Amino acid sequence: MDTYPFESWSRLGRVLERRRGELGYGFRQRARFVRERGGGRISVKTISRLEKAERGSYPESTIGTIENMYQWSAGSVEAVLMGGEPNMILVAPPSDRNPITSSYTPPTSGERLA
């Protein structure tokens, strides 16, 4: 990843912090955020460093993990560092029905009708 000035990393930190709040994790809930969304791939300290702009570079694997945790598409961190906006991944709410066992589920294109 290219080198970006401190102001870019500081902006990224603010955007990440705001996004974490949008996802339902408050000001002092970084640990819960990492535990529930990080899957053991990243530490609370790394999230803290990112949100506080304490470093000016991270490995690509860390950037990918961050984009996944914050529900951003690939390339969003770099877009924010360049002054743009992240691309959000829209996650569908969980369905309360099972299409395999529900009697009212319409047949799919590959199913034979009796």
# chains A, B, ... in the order shown; residues from 1 in each chain; ligands from 1
>>> residues_around(residues="stretch 58-61 of chain A", least_positions_apart="2", cutoff="12 Å", atoms="only C-alpha atoms", output="list in words")
Met1, Asp2, Thr3, Tyr4, Trp9, Arg41, Ile42, Thr46, Ile47, Arg49, Leu50, Ala53, Glu54, Arg55, Gly56, Ile63, Gly64, Thr65, Ile66, Glu67, Asn68, Ala74, Gly75, Val77 and Glu78 of chain A
>>> closest_residue(among="A:Gly39, A:Pro86, A:Val44, A:Gln29", to="A:Leu12", atoms="only C-alpha atoms")
A:Pro86
>>> closest_residue(among="A:Phe33, A:Thr62, A:Gly13, A:Leu23", to="A:Leu90", atoms="only C-alpha atoms")
A:Leu23
>>> residues_around(residues="A:Ser8", least_positions_apart="6", cutoff="9 Å", atoms="only C-alpha atoms", output="VMD selection string")
chain A and resid 53 80 to 83
>>> atom_distance(atom1="atom CA of A:Arg37", atom2="atom CA of A:Tyr70")
8.4 Å
>>> atom_distance(atom1="atom CA of A:Lys52", atom2="atom CA of A:Pro5")
14.0 Å
>>> residues_around(residues="A:Glu51", least_positions_apart="5", cutoff="7 Å", atoms="only C-alpha atoms", output="PyMOL selection string")
chain A and resi 13-14+16-17
